[in-house]
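Colleague: So here's model_9.cif, just mmCIF, C-alpha atoms and all ligand atoms:
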data_coords
#
loop_
_atom_site.label_atom_id
_atom_site.label_comp_id
_atom_site.auth_asym_id
_atom_site.auth_seq_id
_atom_site.Cartn_x
_atom_site.Cartn_y
_atom_site.Cartn_z
CA MET A 1 -1.05 -7.87 -16.06
CA GLU A 2 -0.85 -10.74 -13.62
CA ILE A 3 -2.65 -10.97 -10.29
CA LEU A 4 -0.20 -12.59 -7.88
CA ALA A 5 -2.55 -12.85 -4.89
CA ALA A 6 -6.07 -11.83 -3.92
CA GLU A 7 -9.04 -12.85 -1.77
CA SER A 8 -10.41 -14.88 -4.69
CA LEU A 9 -7.12 -16.79 -4.56
CA GLY A 10 -7.31 -17.39 -0.81
CA VAL A 11 -5.46 -14.50 0.89
CA ARG A 12 -5.94 -10.79 1.56
CA SER A 13 -3.96 -9.00 -1.15
CA MET A 14 -4.03 -6.89 -4.31
CA ALA A 15 -0.51 -7.80 -5.46
CA VAL A 16 -0.20 -7.30 -9.19
CA GLU A 17 2.67 -7.41 -11.69
CA VAL A 18 2.42 -5.25 -14.81
CA GLU A 19 4.96 -5.05 -17.61
CA CYS A 20 5.49 -1.88 -19.58
CA SER A 21 7.86 -2.43 -22.53
CA GLY A 22 10.09 -4.72 -20.53
CA VAL A 23 9.93 -2.73 -17.27
CA ARG A 24 8.45 -4.93 -14.56
CA ILE A 25 6.26 -3.04 -12.12
CA LEU A 26 5.06 -4.61 -8.89
CA ILE A 27 2.05 -2.99 -7.25
CA ASP A 28 1.38 -3.75 -3.56
CA PRO A 29 3.87 -6.49 -2.69
CA GLY A 30 2.13 -7.91 0.36
CA ALA A 31 -0.36 -10.53 1.52
CA ALA A 32 -2.04 -11.21 4.86
CA LEU A 33 -4.89 -13.17 6.46
CA GLY A 34 -7.94 -11.94 8.35
CA PRO A 35 -6.76 -12.29 11.96
CA ARG A 36 -10.28 -13.17 13.17
CA ARG A 37 -13.30 -14.06 11.08
CA TYR A 38 -16.51 -15.52 12.57
CA GLY A 39 -14.55 -15.32 15.85
CA LEU A 40 -12.03 -17.81 14.43
CA PRO A 41 -8.31 -17.44 13.65
CA PRO A 42 -6.91 -18.54 10.24
CA ASP A 43 -6.58 -22.32 9.85
CA ARG A 44 -3.83 -24.46 8.33
CA LEU A 45 -5.21 -24.21 4.80
CA GLU A 46 -5.08 -20.40 4.92
CA LEU A 47 -1.60 -20.35 6.47
CA GLU A 48 -0.30 -22.62 3.72
CA GLN A 49 -1.91 -20.47 1.04
CA LEU A 50 -0.39 -17.35 2.62
CA SER A 51 3.06 -18.85 2.55
CA ARG A 52 2.67 -19.82 -1.13
CA ALA A 53 1.35 -16.33 -2.01
CA ARG A 54 4.17 -14.58 -0.15
CA SER A 55 6.85 -16.72 -1.84
CA LEU A 56 5.49 -15.87 -5.28
CA ILE A 57 5.17 -12.14 -4.49
CA ARG A 58 8.69 -11.99 -3.04
CA GLU A 59 10.18 -13.78 -6.03
CA ARG A 60 8.53 -11.27 -8.40
CA LEU A 61 9.46 -8.38 -6.11
CA ARG A 62 13.13 -9.28 -6.42
CA GLN A 63 12.84 -9.30 -10.23
CA ALA A 64 10.89 -6.02 -10.53
CA GLU A 65 12.45 -2.72 -11.63
CA MET A 66 9.70 -0.55 -10.16
CA VAL A 67 7.61 -1.01 -6.99
CA VAL A 68 4.47 0.81 -5.86
CA ILE A 69 3.03 0.71 -2.33
CA THR A 70 -0.45 2.22 -2.28
CA HIS A 71 -0.78 2.43 1.53
CA TYR A 72 0.56 1.04 4.79
CA HIS A 73 -1.57 -2.01 5.52
CA PHE A 74 0.18 -5.38 5.71
CA ASP A 75 -1.87 -6.94 2.94
CA HIS A 76 -0.19 -4.35 0.62
CA TYR A 77 3.45 -4.34 1.78
CA LEU A 78 5.65 -6.20 4.25
CA PRO A 79 8.17 -4.29 6.39
CA ASP A 80 10.46 -7.33 6.48
CA TRP A 81 10.98 -7.08 2.73
CA ALA A 82 12.47 -3.56 2.87
CA GLU A 83 15.91 -4.78 1.73
CA ASP A 84 14.40 -6.35 -1.40
CA LEU A 85 13.58 -2.83 -2.62
CA ARG A 86 17.23 -1.78 -2.88
CA GLY A 87 18.22 -0.57 -6.36
CA LYS A 88 14.63 -0.29 -7.58
CA ARG A 89 12.54 2.76 -8.30
CA VAL A 90 10.12 2.82 -5.35
CA PHE A 91 6.94 4.91 -5.21
CA LEU A 92 5.20 5.23 -1.87
CA LYS A 93 1.89 6.63 -0.72
CA ASP A 94 2.85 9.94 0.97
CA PRO A 95 3.98 8.78 4.43
CA VAL A 96 3.23 12.13 6.10
CA ARG A 97 0.32 13.90 4.41
CA ASN A 98 -3.29 12.66 4.11
CA ILE A 99 -2.69 9.74 6.42
CA ASN A 100 -4.27 8.49 9.65
CA ARG A 101 -2.36 7.87 12.86
CA ASN A 102 -2.03 4.09 12.49
CA GLN A 103 -0.71 4.26 8.92
CA ALA A 104 1.58 7.21 9.75
CA ARG A 105 3.20 5.17 12.52
CA ARG A 106 3.69 2.17 10.23
CA ALA A 107 5.00 4.42 7.44
CA ALA A 108 7.58 5.99 9.77
CA GLU A 109 8.79 2.56 10.89
CA PHE A 110 8.99 1.40 7.27
CA LEU A 111 10.97 4.49 6.20
CA GLU A 112 13.49 3.79 8.96
CA ARG A 113 13.96 0.29 7.56
CA LEU A 114 14.32 1.67 4.02
CA ILE A 115 16.99 4.12 5.19
CA ARG A 116 18.89 1.36 7.00
CA ALA A 117 18.67 -0.80 3.85
CA GLY A 118 19.89 2.07 1.62
CA VAL A 119 16.64 2.20 -0.37
CA GLN A 120 15.65 5.42 -2.16
CA TRP A 121 11.96 6.23 -2.56
CA GLU A 122 9.66 8.86 -4.05
CA VAL A 123 6.25 10.11 -2.96
CA ALA A 124 3.78 8.83 -5.55
CA GLU A 125 0.76 11.14 -5.25
CA GLY A 126 -0.10 12.94 -8.47
CA ARG A 127 3.10 11.88 -10.31
CA ARG A 128 3.25 10.93 -13.97
CA ILE A 129 6.35 8.93 -14.97
CA LYS A 130 7.36 8.33 -18.57
CA LEU A 131 8.43 4.78 -19.38
CA PRO A 132 9.71 3.36 -22.64
CA GLY A 133 6.53 2.83 -24.68
CA GLY A 134 4.16 4.07 -22.00
CA GLU A 135 3.72 5.78 -18.67
CA ILE A 136 2.63 5.21 -15.10
CA LEU A 137 0.42 7.69 -13.32
CA PHE A 138 -0.59 7.95 -9.66
CA SER A 139 -3.82 9.49 -8.40
CA GLY A 140 -4.00 11.92 -5.54
CA PRO A 141 -5.06 10.55 -2.16
CA PHE A 142 -8.43 8.72 -2.00
CA PHE A 143 -10.17 7.72 1.21
CA HIS A 144 -9.69 4.10 2.31
CA GLY A 145 -13.48 3.53 2.36
CA PRO A 146 -16.30 6.02 2.87
CA ASP A 147 -14.32 8.53 5.02
CA SER A 148 -10.90 9.49 6.35
CA ARG A 149 -11.04 7.16 9.38
CA PHE A 150 -8.73 4.54 7.84
CA GLY A 151 -6.54 7.07 6.07
CA CYS A 152 -5.92 7.30 2.34
CA VAL A 153 -4.72 5.17 -0.56
CA ILE A 154 -3.55 5.89 -4.11
CA SER A 155 -4.72 4.40 -7.40
CA VAL A 156 -2.30 3.49 -10.19
CA ALA A 157 -2.81 3.77 -13.98
CA VAL A 158 -0.36 2.10 -16.38
CA ARG A 159 -0.51 3.06 -20.08
CA VAL A 160 1.21 0.77 -22.56
CA GLY A 161 0.79 0.98 -26.33
CA GLY A 162 -2.61 2.70 -26.19
CA ARG A 163 -4.02 0.33 -23.55
CA VAL A 164 -4.69 1.33 -19.97
CA PHE A 165 -4.71 -0.75 -16.80
CA VAL A 166 -5.93 0.76 -13.52
CA HIS A 167 -5.39 -0.70 -10.04
CA THR A 168 -7.65 0.94 -7.43
CA SER A 169 -6.36 -0.12 -4.06
CA ASP A 170 -8.79 -0.25 -1.10
CA VAL A 171 -11.28 2.29 -2.40
CA SER A 172 -14.02 -0.03 -1.05
CA GLY A 173 -16.45 0.12 -3.92
CA PRO A 174 -15.45 2.66 -5.13
CA VAL A 175 -17.73 4.30 -2.61
CA ARG A 176 -16.47 7.86 -3.29
CA PRO A 177 -17.34 9.91 -6.40
CA GLU A 178 -13.80 11.27 -6.81
CA VAL A 179 -12.58 7.74 -7.59
CA VAL A 180 -15.27 7.36 -10.27
CA HIS A 181 -14.10 10.67 -11.77
CA PHE A 182 -10.51 9.46 -11.81
CA LEU A 183 -11.58 6.29 -13.63
CA LEU A 184 -13.70 8.19 -16.15
CA GLU A 185 -10.65 10.37 -16.82
CA GLN A 186 -8.19 7.48 -17.18
CA ARG A 187 -10.55 5.31 -19.24
CA PRO A 188 -9.02 1.92 -18.39
CA ASP A 189 -9.50 -1.04 -20.72
CA LEU A 190 -8.60 -3.33 -17.85
CA LEU A 191 -9.67 -2.36 -14.36
CA LEU A 192 -8.99 -4.07 -11.03
CA VAL A 193 -11.26 -2.66 -8.34
CA ASP A 194 -11.40 -3.26 -4.62
CA GLY A 195 -15.12 -4.03 -4.17
CA PRO A 196 -16.86 -2.89 -0.95
CA SER A 197 -16.86 -4.72 2.39
CA THR A 198 -20.32 -6.30 2.10
CA TYR A 199 -19.19 -8.82 4.77
CA LEU A 200 -19.18 -6.00 7.33
CA GLY A 201 -22.79 -5.02 6.44
CA PRO A 202 -23.98 -2.18 8.72
CA ARG A 203 -20.46 -1.76 10.12
CA PHE A 204 -19.40 -0.61 6.64
CA GLY A 205 -22.67 1.33 6.25
CA LEU A 206 -25.70 0.19 4.27
CA GLU A 207 -25.96 3.52 2.44
CA ALA A 208 -22.28 3.36 1.59
CA LEU A 209 -22.77 -0.14 0.15
CA GLU A 210 -25.59 1.18 -2.01
CA ALA A 211 -23.42 4.10 -3.17
CA ALA A 212 -20.63 1.67 -4.06
CA ARG A 213 -22.98 -0.43 -6.20
CA GLU A 214 -24.34 2.68 -7.94
CA ASN A 215 -20.77 3.81 -8.68
CA LEU A 216 -19.88 0.40 -10.09
CA LEU A 217 -22.99 0.52 -12.29
CA ARG A 218 -21.88 3.92 -13.53
CA ILE A 219 -18.40 2.59 -14.29
CA ILE A 220 -19.92 -0.28 -16.29
CA ARG A 221 -22.44 1.88 -18.18
CA ASP A 222 -20.49 5.13 -18.73
CA LEU A 223 -16.98 3.73 -19.01
CA GLY A 224 -17.61 0.19 -20.25
CA PRO A 225 -14.09 -1.22 -19.75
CA GLU A 226 -13.26 -4.38 -21.64
CA VAL A 227 -12.61 -6.21 -18.38
CA LEU A 228 -13.70 -5.25 -14.86
CA ILE A 229 -12.19 -7.34 -12.08
CA LEU A 230 -13.81 -7.16 -8.65
CA ASP A 231 -11.81 -8.54 -5.73
CA HIS A 232 -10.26 -7.83 -2.32
CA HIS A 233 -12.84 -6.67 0.30
CA LEU A 234 -15.88 -7.82 -1.73
CA LEU A 235 -14.48 -11.34 -2.12
CA ARG A 236 -14.51 -11.84 1.66
CA ASP A 237 -18.25 -12.47 1.23
CA LEU A 238 -19.59 -15.84 0.02
CA SER A 239 -22.71 -14.07 -1.34
CA TRP A 240 -20.79 -11.48 -3.38
CA ARG A 241 -22.31 -12.66 -6.67
CA ARG A 242 -25.82 -12.13 -5.33
CA TRP A 243 -24.92 -8.61 -4.17
CA ALA A 244 -23.33 -7.97 -7.57
CA GLY A 245 -26.38 -9.32 -9.48
CA PRO A 246 -27.33 -5.94 -11.01
CA LEU A 247 -23.69 -5.41 -11.97
CA PHE A 248 -23.53 -8.70 -13.86
CA GLU A 249 -26.75 -7.74 -15.71
CA ALA A 250 -25.40 -4.32 -16.65
CA ALA A 251 -22.05 -5.80 -17.65
CA GLU A 252 -23.69 -8.29 -19.95
CA ALA A 253 -25.81 -5.58 -21.58
CA ARG A 254 -22.72 -3.38 -22.12
CA GLY A 255 -20.38 -6.20 -23.23
CA VAL A 256 -18.10 -5.82 -20.18
CA ARG A 257 -16.39 -8.94 -18.86
CA LEU A 258 -17.04 -8.81 -15.10
CA LEU A 259 -14.77 -11.25 -13.28
CA SER A 260 -13.11 -12.10 -9.99
CA GLY A 261 -9.32 -12.06 -9.86
CA ALA A 262 -9.25 -15.87 -9.88
CA GLU A 263 -11.46 -16.06 -12.98
CA PHE A 264 -9.30 -13.49 -14.75
CA SER A 265 -6.26 -15.59 -13.88
CA GLY A 266 -7.88 -18.83 -15.08
CA LYS A 267 -7.60 -20.32 -11.59
CA PRO A 268 -10.30 -21.80 -9.32
CA GLU A 269 -12.00 -19.30 -7.00
CA THR A 270 -10.99 -20.15 -3.43
CA LEU A 271 -12.54 -17.77 -0.91
CA LEU A 272 -10.63 -19.27 2.00
CA GLU A 273 -11.40 -16.52 4.51
CA ALA A 274 -15.13 -16.47 3.72
CA GLU A 275 -15.24 -20.29 3.97
CA ARG A 276 -13.41 -20.39 7.31
CA LEU A 277 -16.55 -21.05 9.36
CA LYS A 278 -17.72 -23.83 7.05
CA ARG A 279 -14.34 -25.59 7.26
CA PHE A 280 -14.34 -25.20 11.04
CA ARG A 281 -17.80 -26.80 11.27
CA ASP A 282 -16.94 -29.58 8.82
CA ASN A 283 -13.78 -30.45 10.75
CA SER A 284 -15.21 -30.37 14.28
FE FE A 301 -6.27 -3.95 1.66
#
Translate the structure described by the file into structure tokens.
Ligand SMILES: [Fe+2]
Modeller:
Amino acid sequence: MEILAAESLGVRSMAVEVECSGVRILIDPGAALGPRRYGLPPDRLELEQLSRARSLIRERLRQAEMVVITHYHFDHYLPDWAEDLRGKRVFLKDPVRNINRNQARRAAEFLERLIRAGVQWEVAEGRRIKLPGGEILFSGPFFHGPDSRFGCVISVAVRVGGRVFVHTSDVSGPVRPEVVHFLLEQRPDLLLVDGPSTYLGPRFGLEALEAARENLLRIIRDLGPEVLILDHHLLRDLSWRRWAGPLFEAAEARGVRLLSGAEFSGKPETLLEAERLKRFRDNS
């Protein structure tokens, strides 16, 4: 499994490439920047990083045999790349059911582009697809965050040779118990989780943040994956390690490697969005 882009690598993304017996699977081929953070737009450093991230994702997208889009936010897919999906097996979050108005509108526009480009697609929810030497399985719809306001997302489990990788897109924690149940059922060895939006504080909900941390503790203690990668929303916060203090303790006690996406990838952690204000102050 390779993380192509993520907050810990300087952009908003959860783009991942997984290989299952020679079949290349690309999950969430997209990357974006926070349009405004600390009241500031992205700066040159972020724009350059975005262009690097998008080039890499697009290159891998063109080589992939299978593509998964977990929901219709632009850090997870890019409408302009619709033609690159031609000839591939494409699994989409259900564009009609369990979706909010904003995502439904984007999904409809995207489907029009896919039709024009001659791309075939399948609804992913609840499907289990056999692959040579393994399988890929999609969860049912999970809330994007604590409730249905931002619509739903799907999680993806890839089983290869007795090992399991799970990608939980935008479950913000996970803050919801049904996601924890899905993980306990799938029993991943390698787990990439979208940590909660601590940077939003009360706007995310302080109780919801607490629930997310409790759920992560449960995942560490009851599931004990070999590697737990926290990234995406959580890595928009410079103090994420302090918030995750109890998780690091529990992980150490249980022998779980708790890492950011950058650490997992052996690359330096560059929280460009979270550091935007500091760069602005240093440069002005
Ligand atoms: Fe996202």
Colleague: For Arg149 (chain A), please output as a list in words all residues within 12 Å (counting all atoms listed in the file; exclusion window: fewer than 6 positions along the same chain).
Modeller: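 The contact residues come out as Asn98, Ile99, Asn100, Arg101, Asn102, Gln103, Phe142, Phe143 and Phe204 of chain A.
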Colleague: What are the closest atom pairs, with distances in Å to one decimal, for all residues of chain A lying within 12 Å of ligand FE 301 (chain A)? Consider only C-alpha atoms and all ligand atoms, order rows by chain and residue number, and present the result as a tab-separated table.
Modeller:
residue	atom	partner	partner_atom	distance
A:Ala5	CA	A:FE301	FE	11.7
A:Ala6	CA	A:FE301	FE	9.7
A:Glu7	CA	A:FE301	FE	9.9
A:Val11	CA	A:FE301	FE	10.6
A:Arg12	CA	A:FE301	FE	6.8
A:Ser13	CA	A:FE301	FE	6.2
A:Met14	CA	A:FE301	FE	7.0
A:Ala15	CA	A:FE301	FE	9.9
A:Asp28	CA	A:FE301	FE	9.3
A:Pro29	CA	A:FE301	FE	11.3
A:Gly30	CA	A:FE301	FE	9.4
A:Ala31	CA	A:FE301	FE	8.8
A:Ala32	CA	A:FE301	FE	9.0
A:Leu33	CA	A:FE301	FE	10.5
A:Gly34	CA	A:FE301	FE	10.6
A:Ile69	CA	A:FE301	FE	11.1
A:Thr70	CA	A:FE301	FE	9.4
A:His71	CA	A:FE301	FE	8.4
A:Tyr72	CA	A:FE301	FE	9.0
A:His73	CA	A:FE301	FE	6.4
A:Phe74	CA	A:FE301	FE	7.7
A:Asp75	CA	A:FE301	FE	5.5
A:His76	CA	A:FE301	FE	6.2
A:Tyr77	CA	A:FE301	FE	9.7
A:His144	CA	A:FE301	FE	8.8
A:Gly145	CA	A:FE301	FE	10.4
A:Phe150	CA	A:FE301	FE	10.8
A:Gly151	CA	A:FE301	FE	11.9
A:Cys152	CA	A:FE301	FE	11.3
A:Val153	CA	A:FE301	FE	9.5
A:Ile154	CA	A:FE301	FE	11.7
A:Thr168	CA	A:FE301	FE	10.4
A:Ser169	CA	A:FE301	FE	6.9
A:Asp170	CA	A:FE301	FE	5.3
A:Val171	CA	A:FE301	FE	9.0
A:Ser172	CA	A:FE301	FE	9.1
A:Val193	CA	A:FE301	FE	11.3
A:Asp194	CA	A:FE301	FE	8.1
A:Gly195	CA	A:FE301	FE	10.6
A:Pro196	CA	A:FE301	FE	11.0
A:Ser197	CA	A:FE301	FE	10.6
A:Asp231	CA	A:FE301	FE	10.3
A:His232	CA	A:FE301	FE	6.8
A:His233	CA	A:FE301	FE	7.2
A:Leu234	CA	A:FE301	FE	10.9
A:Leu235	CA	A:FE301	FE	11.7
A:Arg236	CA	A:FE301	FE	11.4
Colleague: When distances are computed from only C-alpha atoms, which of A:Val160, A:Ala211, A:Ala251, A:Leu45 shows the smallest separation from Lys130 (chain A)?
Modeller: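 Among A:Val160, A:Ala211, A:Ala251, A:Leu45, it is A:Val160 that comes nearest to Lys130 (chain A).
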Colleague: Quick one: pull the distance between CA of Glu269 (chain A) and CA of Leu184 (chain A), Å, one decimal.
Modeller: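 Result for CA of Glu269 (chain A) versus CA of Leu184 (chain A): 29.0 Å, one decimal.
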Colleague: Closest to Trp81 (chain A) among A:Ala250, A:Leu191, A:Ala157, A:Ile57, using only C-alpha atoms?
Modeller: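 Checking each of A:Ala250, A:Leu191, A:Ala157, A:Ile57 against Trp81 (chain A), counting only C-alpha atoms, the winner is A:Ile57.
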Colleague: Can you work out the spacing between CA of Val67 (chain A) and CA of Asp189 (chain A) in Å, to one decimal?
Modeller: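 Rounded to one decimal, the two atoms are 21.9 Å apart.
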Colleague: Check the smallest atom-to-atom distance from each of A:Val164, A:Met66, A:Ala244, A:Leu9 to Glu46 (chain A) using only C-alpha atoms, then report the winner.
Modeller: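 For Glu46 (chain A), the nearest of the candidates is A:Leu9.
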Colleague: Could you work out how far CA of Arg37 (chain A) lies from CA of Leu50 (chain A), giving the answer in Å with one decimal?
Modeller: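 Separation between CA of Leu50 (chain A) and CA of Arg37 (chain A): 15.8 Å.
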Colleague: Could you tell me which of A:Glu109, A:Pro95, A:Arg279, A:Val90 comes closest to Glu122 (chain A) if we count all atoms listed in the file?
Modeller: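 Closest to Glu122 (chain A), using all atoms listed in the file: A:Val90.
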Colleague: Which one of A:Ala82, A:Arg89, A:Asn283, A:Leu137 sits closest to Ile115 (chain A) if you count only C-alpha atoms?
Modeller: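 Using only C-alpha atoms, the shortest distance to Ile115 (chain A) belongs to A:Ala82.
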Colleague: Counting all atoms listed in the file, which of A:Pro132, A:Gly173, A:Gly161, A:Gly261 gets nearest to Leu192 (chain A)?
Modeller: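 Going through A:Pro132, A:Gly173, A:Gly161, A:Gly261 one by one, the smallest distance to Leu192 (chain A) is for A:Gly261.
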Colleague: Identify the residues around (-6.8, -16.9, -15.1) within a radius of 12 Å, measuring from all atoms listed in the file in the coordinates stated by the file, and give them as number ranges by chain.
Modeller: A: 1-5, 8-9, 229, 259-269
Colleague: Dump as a tab-separated table the rows for residues of region 238-260 of chain A within 8 Å of region 214-228 of chain A: closest atom pair and distance in Å with one decimal, all atoms listed in the file counted, ordered by chain and rising residue number.
Modeller:
residue	atom	partner	partner_atom	distance
A:Pro246	CA	A:Leu217	CA	7.9
A:Leu247	CA	A:Leu217	CA	6.0
A:Ala250	CA	A:Ile220	CA	6.8
A:Ala251	CA	A:Ile220	CA	6.1
A:Arg254	CA	A:Gly224	CA	6.5
A:Gly255	CA	A:Glu226	CA	7.5
A:Val256	CA	A:Glu226	CA	5.3
A:Arg257	CA	A:Val227	CA	4.7
A:Leu258	CA	A:Leu228	CA	4.9
A:Leu259	CA	A:Leu228	CA	6.3
Colleague: Write out as a ChimeraX atom specification the residues lying within 12 Å of Gly39 (chain A), counting all atoms listed in the file and excluding same-chain residues fewer than 4 positions away.
Modeller: /A:34-35,273,276-277,280
Colleague: Find the spatial neighbours of Val156 (chain A), counting only C-alpha atoms, within a cut-off of 8 Å - ignore same-chain residues fewer than 3 positions away - and output them as a PyMOL selection string.
Modeller: chain A and resi 136-139+166-168
Colleague: Axis-aligned box over every listed atom of region 244-249 of chain A, padded by 3 Å per side: centre and edges in Å to one decimal, as JSON?
Modeller:
{"center_x": -25.3, "center_y": -7.4, "center_z": -11.6, "size_x": 10.0, "size_y": 9.9, "size_z": 14.1}
Colleague: Write out as a list in words the residues lying within 12 Å of Gly162 (chain A), counting all atoms listed in the file and excluding same-chain residues fewer than 5 positions away.
Modeller: Cys20, Gly133, Gly134, Glu135, Gln186, Arg187, Pro188, Asp189 and Leu190 of chain A
Colleague: Write the residues you've just listed into a file as an mmCIF file, keeping the file's coordinate frame, and include C-alpha atoms for each of them.
Modeller:
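What ended up in out_7.cif:
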data_model
loop_
_atom_site.group_PDB
_atom_site.id
_atom_site.type_symbol
_atom_site.label_atom_id
_atom_site.label_comp_id
_atom_site.auth_asym_id
_atom_site.auth_seq_id
_atom_site.Cartn_x
_atom_site.Cartn_y
_atom_site.Cartn_z
ATOM 1 C CA CYS A 20 5.490 -1.880 -19.580
ATOM 2 C CA GLY A 133 6.530 2.830 -24.680
ATOM 3 C CA GLY A 134 4.160 4.070 -22.000
ATOM 4 C CA GLU A 135 3.720 5.780 -18.670
ATOM 5 C CA GLN A 186 -8.190 7.480 -17.180
ATOM 6 C CA ARG A 187 -10.550 5.310 -19.240
ATOM 7 C CA PRO A 188 -9.020 1.920 -18.390
ATOM 8 C CA ASP A 189 -9.500 -1.040 -20.720
ATOM 9 C CA LEU A 190 -8.600 -3.330 -17.850
#
